[in-house]
Amino acid sequence: MSEPSAPLATQDARGGFGSRLGFILAASGSAVGLGNLWKFPYAAYANGGGGGNEQGAGSFVLIYLLAVLLVGLPIMLAEILIGRRTRRNPVGAFKALSPGTPWKLVGALGVFTGFLLLSYYNVVAGWTVEYAVKSVGGEFSARTSEVGDSDLRDRLWSDFRATPDSLAQLPAPPAPTSALLTPAAAWAQFAAAHPAAYAELEAELRAELWQAFILDPDFAALSATLRKEILPGKLFNEFLASPLRQVGWALFFMCLSVGVVIAGVARGIERWTKILMPLLFILLIVLLVRMLTLEGAGPALAFLFVPRAGQLCSASLLAALGQAFFSLSLGMGAIITYGSYLTRRTNIAAAACAVTLMDTMIAIIAAIIIFAAIFSYGLVMQDGGAGNLFTAIPVIFMKIPGGTYLCVVFYVLIMFAALTSTISLLETVVSYFIDERGWSRRKATTAVGAAVFAVGLPSALSFSVLADVQFFGRSWFEMADYLCSNWFLPLGGLLVALFVGWRMTAKELREELPPAQLPRLPFVLWRALLSYVAPAAVLVVMVGILVGAVQA
Ligand code: PHE
């Protein structure tokens, strides 16, 4: 951080995107990734139906959308602007815009966050490779026989408990305290109040259920489908519990990202993203249409989009806000870095809108697909739904003709979406070492890649050997994710908003955003959002959590 960056004008030798479309694709490539496909449905589940709150994720999704529009979009434009104006890595950018001030620490925070975020993101990226390979082998449909009777019994039992009728069979009424309590929650309450009676009852009912199932005339057909359906969940848990495979795929994925970043970001990514991003989008639309025709579609849409009062606590507010930053790649300088490869002619306001829209659409579509599958097929999500991209999706493909092949295509595309995001994370950290420390691209990339992989090891092992090592009730993996998405990214974004909103003059901003590109009214609105709304939103939520923590 000691060396000053080169003056603005001499940095034109920097690689650049060939076109505005090239930038939009690359930035969308960074934004669209596991954040949309894996984390958003999972966060909605954890902060809605799965996390002890049984009423659905409507409020969470609504807050998320508001956060994207009022906080994410303005900061997206601010980051692109900083990047293109300075043509630097995040630290160099703040140094150039505000020399001799501590603002460069915002860039440093970003580089640090990118480093930590990549360390666990890379682990989940490895999961996509495992699943691409698994689906080539047809493992989901081929290994039916391995789901034994005891799994089947568990499955029958949890399905039964989730049906409204099951309540009527309880001899002693479990007295649901509120009409809103789902059967599962009522059962839980009953179990807690009368453990012995509950255990006896459960054993009895389970046996009865199993007996009835065996005697069913459609037994053979029924058990074949049920066995298949629970297979993905079982496979996923086996995979999580294997330290070797977790570490192996993480290593593989890191090598992949290092390879691409050494080759230079702009050209390689631009070429591939042009083909693969639209393909992913098309496949998602196909799946969406298919899922909307199923009976679970209605409940899924209601679950996701009907907000209800009292669904949210300040922790889930922060999670929704953090998710917006995570999904849009904001708050750590990735977009500053990509913006630095952008040419002067580009209309960055239009680019910011395009990227934000694309990213949000994909997150919403992914969530609809996954929840429609959960509701249509009565899937039970374990571990707060952390694996739903890997447990719910295979079930969908098992039921589509030709699904085995489509499943391969799907996971390969997801793998690519993850890769375009890991690349942007790695590139941000690497560009700091190249620009500010004078390292060669090869040296910086290899060293950073190796260090990130090492720091990611405890994340890769968080589901097996290190599962019991907890930090404030979270595994290393969960803690890293919690800190990055809920705290560091929003904090970084807050500081970017304050910087552009308060430190940069209207004249400076207008040099990057002439009235032809952003008319007066939206310009004023944008500055107001940056100066007041975004910082206030982040601060209020954060302070709310801290105060709550102090009081607890
Ligand atoms: N936005 C990416 C995703 O949704 C993750 C990411 C976060 C990438 C921050 C870069 C910076 O998967």
# chains A, B, ... in the order shown; residues from 1 in each chain; ligands from 1
$ residues_around --residues "stretch 504-520 of chain A" --least-positions-apart "5" --cutoff "8 Å" --atoms "only C-alpha atoms" --output "compact mmCIF listing (two decimals) with all heavy atoms, in the first residue's frame"
# COMPACT_ATOMS: atom_id res chain seq x y z
N LEU A 81 -18.49 3.59 -11.49
CA LEU A 81 -17.96 4.93 -11.74
C LEU A 81 -16.55 5.08 -11.16
O LEU A 81 -15.63 5.55 -11.83
CB LEU A 81 -18.92 5.95 -11.13
CG LEU A 81 -18.60 7.41 -11.40
CD1 LEU A 81 -19.89 8.19 -11.62
CD2 LEU A 81 -17.81 8.05 -10.27
N ARG A 85 -13.38 5.69 -13.60
CA ARG A 85 -12.71 6.99 -13.47
C ARG A 85 -11.23 6.81 -13.14
O ARG A 85 -10.38 7.51 -13.66
CB ARG A 85 -13.39 7.81 -12.39
CG ARG A 85 -12.85 9.22 -12.28
CD ARG A 85 -13.77 10.09 -11.46
NE ARG A 85 -13.22 11.43 -11.29
CZ ARG A 85 -13.33 12.39 -12.19
NH1 ARG A 85 -13.97 12.15 -13.30
NH2 ARG A 85 -12.79 13.58 -11.97
N ASN A 347 -21.99 3.89 -21.51
CA ASN A 347 -22.98 4.48 -20.64
C ASN A 347 -23.11 3.60 -19.40
O ASN A 347 -23.73 2.55 -19.41
CB ASN A 347 -24.32 4.56 -21.39
CG ASN A 347 -25.44 5.09 -20.51
OD1 ASN A 347 -25.31 5.17 -19.28
ND2 ASN A 347 -26.53 5.45 -21.14
N ILE A 348 -22.49 4.08 -18.31
CA ILE A 348 -22.41 3.20 -17.15
C ILE A 348 -23.73 3.12 -16.39
O ILE A 348 -23.98 2.16 -15.67
CB ILE A 348 -21.25 3.59 -16.21
CG1 ILE A 348 -21.38 5.03 -15.74
CG2 ILE A 348 -19.91 3.34 -16.85
CD1 ILE A 348 -20.31 5.42 -14.74
N ALA A 349 -24.59 4.11 -16.55
CA ALA A 349 -25.89 4.04 -15.87
C ALA A 349 -26.71 2.89 -16.46
O ALA A 349 -27.30 2.07 -15.72
CB ALA A 349 -26.64 5.36 -16.01
N ALA A 350 -26.70 2.80 -17.79
CA ALA A 350 -27.45 1.71 -18.43
C ALA A 350 -26.84 0.37 -18.05
O ALA A 350 -27.56 -0.61 -17.79
CB ALA A 350 -27.43 1.90 -19.95
N PHE A 499 -18.67 7.81 0.30
CA PHE A 499 -17.59 8.45 -0.46
C PHE A 499 -18.13 9.15 -1.69
O PHE A 499 -17.89 10.33 -1.92
CB PHE A 499 -16.53 7.41 -0.86
CG PHE A 499 -15.36 8.00 -1.56
CD1 PHE A 499 -14.32 8.57 -0.83
CD2 PHE A 499 -15.29 8.02 -2.94
CE1 PHE A 499 -13.24 9.15 -1.48
CE2 PHE A 499 -14.22 8.60 -3.60
CZ PHE A 499 -13.18 9.17 -2.87
$ residues_near_ligand --ligand "ligand 1" --cutoff "10 Å" --atoms "only C-alpha atoms and all ligand atoms" --output "PyMOL selection string"
chain A and resi 27-40+110+113-115+117-118+121+125+323-335+359-360+362-363+417-428+484-485+489
$ atom_distance --atom1 "atom CA of A:Leu205" --atom2 "atom CA of A:Asp218"
20.7 Å
$ select_by_dssp --residues "stretch 63-298 of chain A" --states "helix (DSSP H, G or I)" --output "ChimeraX atom specification"
/A:63-86,90-97,104-136,139-142,144-146,149-162,165-168,183-193,195-215,219-240,243-263,265-292,297-298
$ atom_distance --atom1 "atom CA of A:Ile434" --atom2 "atom CA of A:Val123"
25.4 Å
$ residues_around --residues "A:Ala534" --least-positions-apart "5" --cutoff "12 Å" --atoms "only C-alpha atoms" --output "PyMOL selection string"
chain A and resi 66-76+78+321+325+490-501+525-529+539-541
$ write_last_selection --atoms "N, CA and C atoms" --output "short mmCIF file (atom, residue, chain, number, x, y, z; two decimals), in the first residue's frame"
data_model
loop_
_atom_site.label_atom_id
_atom_site.label_comp_id
_atom_site.auth_asym_id
_atom_site.auth_seq_id
_atom_site.Cartn_x
_atom_site.Cartn_y
_atom_site.Cartn_z
N LEU A 66 -36.32 -4.49 -2.15
CA LEU A 66 -36.16 -3.07 -1.82
C LEU A 66 -34.68 -2.73 -1.66
N ALA A 67 -33.95 -3.64 -1.00
CA ALA A 67 -32.52 -3.39 -0.80
C ALA A 67 -31.79 -3.33 -2.13
N VAL A 68 -32.17 -4.20 -3.07
CA VAL A 68 -31.52 -4.18 -4.38
C VAL A 68 -31.78 -2.84 -5.07
N LEU A 69 -33.02 -2.40 -5.02
CA LEU A 69 -33.41 -1.20 -5.76
C LEU A 69 -32.84 0.08 -5.12
N LEU A 70 -32.99 0.19 -3.80
CA LEU A 70 -32.67 1.46 -3.14
C LEU A 70 -31.22 1.53 -2.66
N VAL A 71 -30.61 0.39 -2.43
CA VAL A 71 -29.24 0.38 -1.91
C VAL A 71 -28.28 -0.20 -2.95
N GLY A 72 -28.63 -1.38 -3.48
CA GLY A 72 -27.72 -2.08 -4.39
C GLY A 72 -27.49 -1.33 -5.70
N LEU A 73 -28.56 -0.97 -6.38
CA LEU A 73 -28.41 -0.32 -7.69
C LEU A 73 -27.60 0.97 -7.62
N PRO A 74 -27.92 1.88 -6.66
CA PRO A 74 -27.09 3.09 -6.59
C PRO A 74 -25.61 2.79 -6.31
N ILE A 75 -25.35 1.80 -5.47
CA ILE A 75 -23.95 1.49 -5.16
C ILE A 75 -23.28 0.80 -6.34
N MET A 76 -24.04 0.01 -7.08
CA MET A 76 -23.49 -0.59 -8.31
C MET A 76 -22.97 0.50 -9.24
N ALA A 78 -22.18 3.53 -8.43
CA ALA A 78 -21.06 4.22 -7.78
C ALA A 78 -19.76 3.44 -7.96
N LEU A 321 -30.33 -7.60 3.48
CA LEU A 321 -29.46 -6.54 2.99
C LEU A 321 -28.13 -7.13 2.53
N PHE A 325 -26.03 -7.28 -1.30
CA PHE A 325 -24.63 -6.97 -1.60
C PHE A 325 -23.91 -8.18 -2.18
N PRO A 490 -21.79 -5.17 3.51
CA PRO A 490 -22.60 -3.97 3.74
C PRO A 490 -21.76 -2.79 4.25
N LEU A 491 -20.76 -3.09 5.09
CA LEU A 491 -19.90 -2.02 5.59
C LEU A 491 -19.13 -1.38 4.44
N GLY A 492 -18.55 -2.21 3.58
CA GLY A 492 -17.83 -1.70 2.41
C GLY A 492 -18.75 -0.86 1.54
N GLY A 493 -19.96 -1.37 1.31
CA GLY A 493 -20.92 -0.66 0.47
C GLY A 493 -21.31 0.68 1.09
N LEU A 494 -21.50 0.66 2.40
CA LEU A 494 -21.84 1.90 3.12
C LEU A 494 -20.77 2.96 2.88
N LEU A 495 -19.50 2.55 2.98
CA LEU A 495 -18.42 3.51 2.82
C LEU A 495 -18.31 4.00 1.38
N VAL A 496 -18.55 3.11 0.42
CA VAL A 496 -18.54 3.55 -0.98
C VAL A 496 -19.64 4.58 -1.20
N ALA A 497 -20.83 4.30 -0.64
CA ALA A 497 -21.95 5.23 -0.80
C ALA A 497 -21.60 6.59 -0.19
N LEU A 498 -21.03 6.56 1.00
CA LEU A 498 -20.67 7.83 1.65
C LEU A 498 -19.62 8.57 0.83
N PHE A 499 -18.67 7.81 0.30
CA PHE A 499 -17.59 8.45 -0.46
C PHE A 499 -18.13 9.15 -1.69
N VAL A 500 -18.89 8.40 -2.49
CA VAL A 500 -19.39 8.99 -3.74
C VAL A 500 -20.47 10.03 -3.45
N GLY A 501 -21.27 9.77 -2.42
CA GLY A 501 -22.35 10.70 -2.10
C GLY A 501 -21.85 12.01 -1.50
N LEU A 525 -31.77 11.96 -7.82
CA LEU A 525 -32.30 10.86 -7.03
C LEU A 525 -31.19 9.89 -6.62
N TRP A 526 -30.34 9.59 -7.58
CA TRP A 526 -29.22 8.68 -7.34
C TRP A 526 -28.30 9.21 -6.23
N ARG A 527 -27.99 10.50 -6.31
CA ARG A 527 -27.11 11.06 -5.27
C ARG A 527 -27.78 11.05 -3.91
N ALA A 528 -29.09 11.28 -3.91
CA ALA A 528 -29.81 11.26 -2.63
C ALA A 528 -29.81 9.86 -2.04
N LEU A 529 -30.01 8.87 -2.90
CA LEU A 529 -30.00 7.49 -2.41
C LEU A 529 -28.62 7.16 -1.82
N LEU A 539 -26.83 1.44 8.25
CA LEU A 539 -26.52 1.79 9.65
C LEU A 539 -27.62 1.37 10.61
N VAL A 540 -28.86 1.68 10.24
CA VAL A 540 -29.97 1.36 11.14
C VAL A 540 -30.01 -0.13 11.43
N VAL A 541 -29.87 -0.92 10.36
CA VAL A 541 -29.94 -2.37 10.56
C VAL A 541 -28.78 -2.85 11.42
#
$ decode --residues "stretch 72-146 of chain A" --atoms "C-alpha atoms" --output "short mmCIF file (atom, residue, chain, number, x, y, z; two decimals), in the first residue's frame"
data_model
loop_
_atom_site.label_atom_id
_atom_site.label_comp_id
_atom_site.auth_asym_id
_atom_site.auth_seq_id
_atom_site.Cartn_x
_atom_site.Cartn_y
_atom_site.Cartn_z
CA GLY A 72 -27.72 -2.08 -4.39
CA LEU A 73 -28.41 -0.32 -7.69
CA PRO A 74 -27.09 3.09 -6.59
CA ILE A 75 -23.95 1.49 -5.16
CA MET A 76 -23.49 -0.59 -8.31
CA LEU A 77 -23.38 2.60 -10.34
CA ALA A 78 -21.06 4.22 -7.78
CA GLU A 79 -18.61 1.31 -7.94
CA ILE A 80 -18.55 1.19 -11.73
CA LEU A 81 -17.96 4.93 -11.74
CA ILE A 82 -15.05 4.73 -9.30
CA GLY A 83 -13.48 1.94 -11.31
CA ARG A 84 -13.78 3.57 -14.67
CA ARG A 85 -12.71 6.99 -13.47
CA THR A 86 -9.54 5.76 -11.80
CA ARG A 87 -8.84 2.61 -13.82
CA ARG A 88 -7.36 1.04 -10.74
CA ASN A 89 -7.77 -1.73 -8.22
CA PRO A 90 -9.91 -0.78 -5.20
CA VAL A 91 -7.04 0.45 -3.02
CA GLY A 92 -5.41 2.42 -5.85
CA ALA A 93 -8.78 3.85 -6.81
CA PHE A 94 -9.39 5.44 -3.43
CA LYS A 95 -5.79 6.63 -3.28
CA ALA A 96 -6.20 8.33 -6.65
CA LEU A 97 -9.51 9.95 -5.80
CA SER A 98 -8.60 11.05 -2.31
CA PRO A 99 -4.81 11.07 -1.96
CA GLY A 100 -3.32 11.02 1.50
CA THR A 101 -6.56 10.19 3.31
CA PRO A 102 -7.62 7.01 5.10
CA TRP A 103 -10.21 6.33 2.36
CA LYS A 104 -7.80 3.83 0.83
CA LEU A 105 -8.66 1.62 3.81
CA VAL A 106 -12.07 1.09 2.22
CA GLY A 107 -10.25 -0.49 -0.69
CA ALA A 108 -8.15 -2.53 1.72
CA LEU A 109 -11.26 -3.75 3.52
CA GLY A 110 -12.63 -4.78 0.12
CA VAL A 111 -9.51 -6.72 -0.80
CA PHE A 112 -9.57 -8.48 2.56
CA THR A 113 -13.27 -9.30 2.24
CA GLY A 114 -12.73 -10.65 -1.27
CA PHE A 115 -9.99 -12.89 0.06
CA LEU A 116 -12.10 -14.32 2.87
CA LEU A 117 -15.23 -14.58 0.77
CA LEU A 118 -13.44 -16.47 -1.97
CA SER A 119 -12.05 -18.94 0.58
CA TYR A 120 -15.46 -20.45 1.33
CA TYR A 121 -17.20 -19.56 -1.93
CA ASN A 122 -14.61 -21.72 -3.64
CA VAL A 123 -15.72 -24.68 -1.53
CA VAL A 124 -19.32 -24.38 -2.69
CA ALA A 125 -18.03 -23.89 -6.23
CA GLY A 126 -16.35 -27.26 -5.81
CA TRP A 127 -19.75 -28.79 -5.05
CA THR A 128 -20.92 -27.82 -8.52
CA VAL A 129 -18.09 -29.84 -10.06
CA GLU A 130 -18.98 -32.87 -7.97
CA TYR A 131 -22.55 -32.52 -9.16
CA ALA A 132 -21.62 -32.04 -12.79
CA VAL A 133 -19.64 -35.27 -12.54
CA LYS A 134 -22.34 -37.07 -10.55
CA SER A 135 -24.96 -36.23 -13.14
CA VAL A 136 -22.78 -37.43 -16.00
CA GLY A 137 -22.59 -40.75 -14.21
CA GLY A 138 -26.37 -40.80 -13.85
CA GLU A 139 -25.86 -41.35 -10.15
CA PHE A 140 -29.20 -39.87 -9.14
CA SER A 141 -31.27 -42.33 -11.10
CA ALA A 142 -28.92 -45.28 -11.04
CA ARG A 143 -28.43 -45.75 -7.33
CA THR A 144 -32.06 -46.22 -6.37
CA SER A 145 -31.53 -49.52 -4.63
CA GLU A 146 -29.20 -47.96 -2.10
#
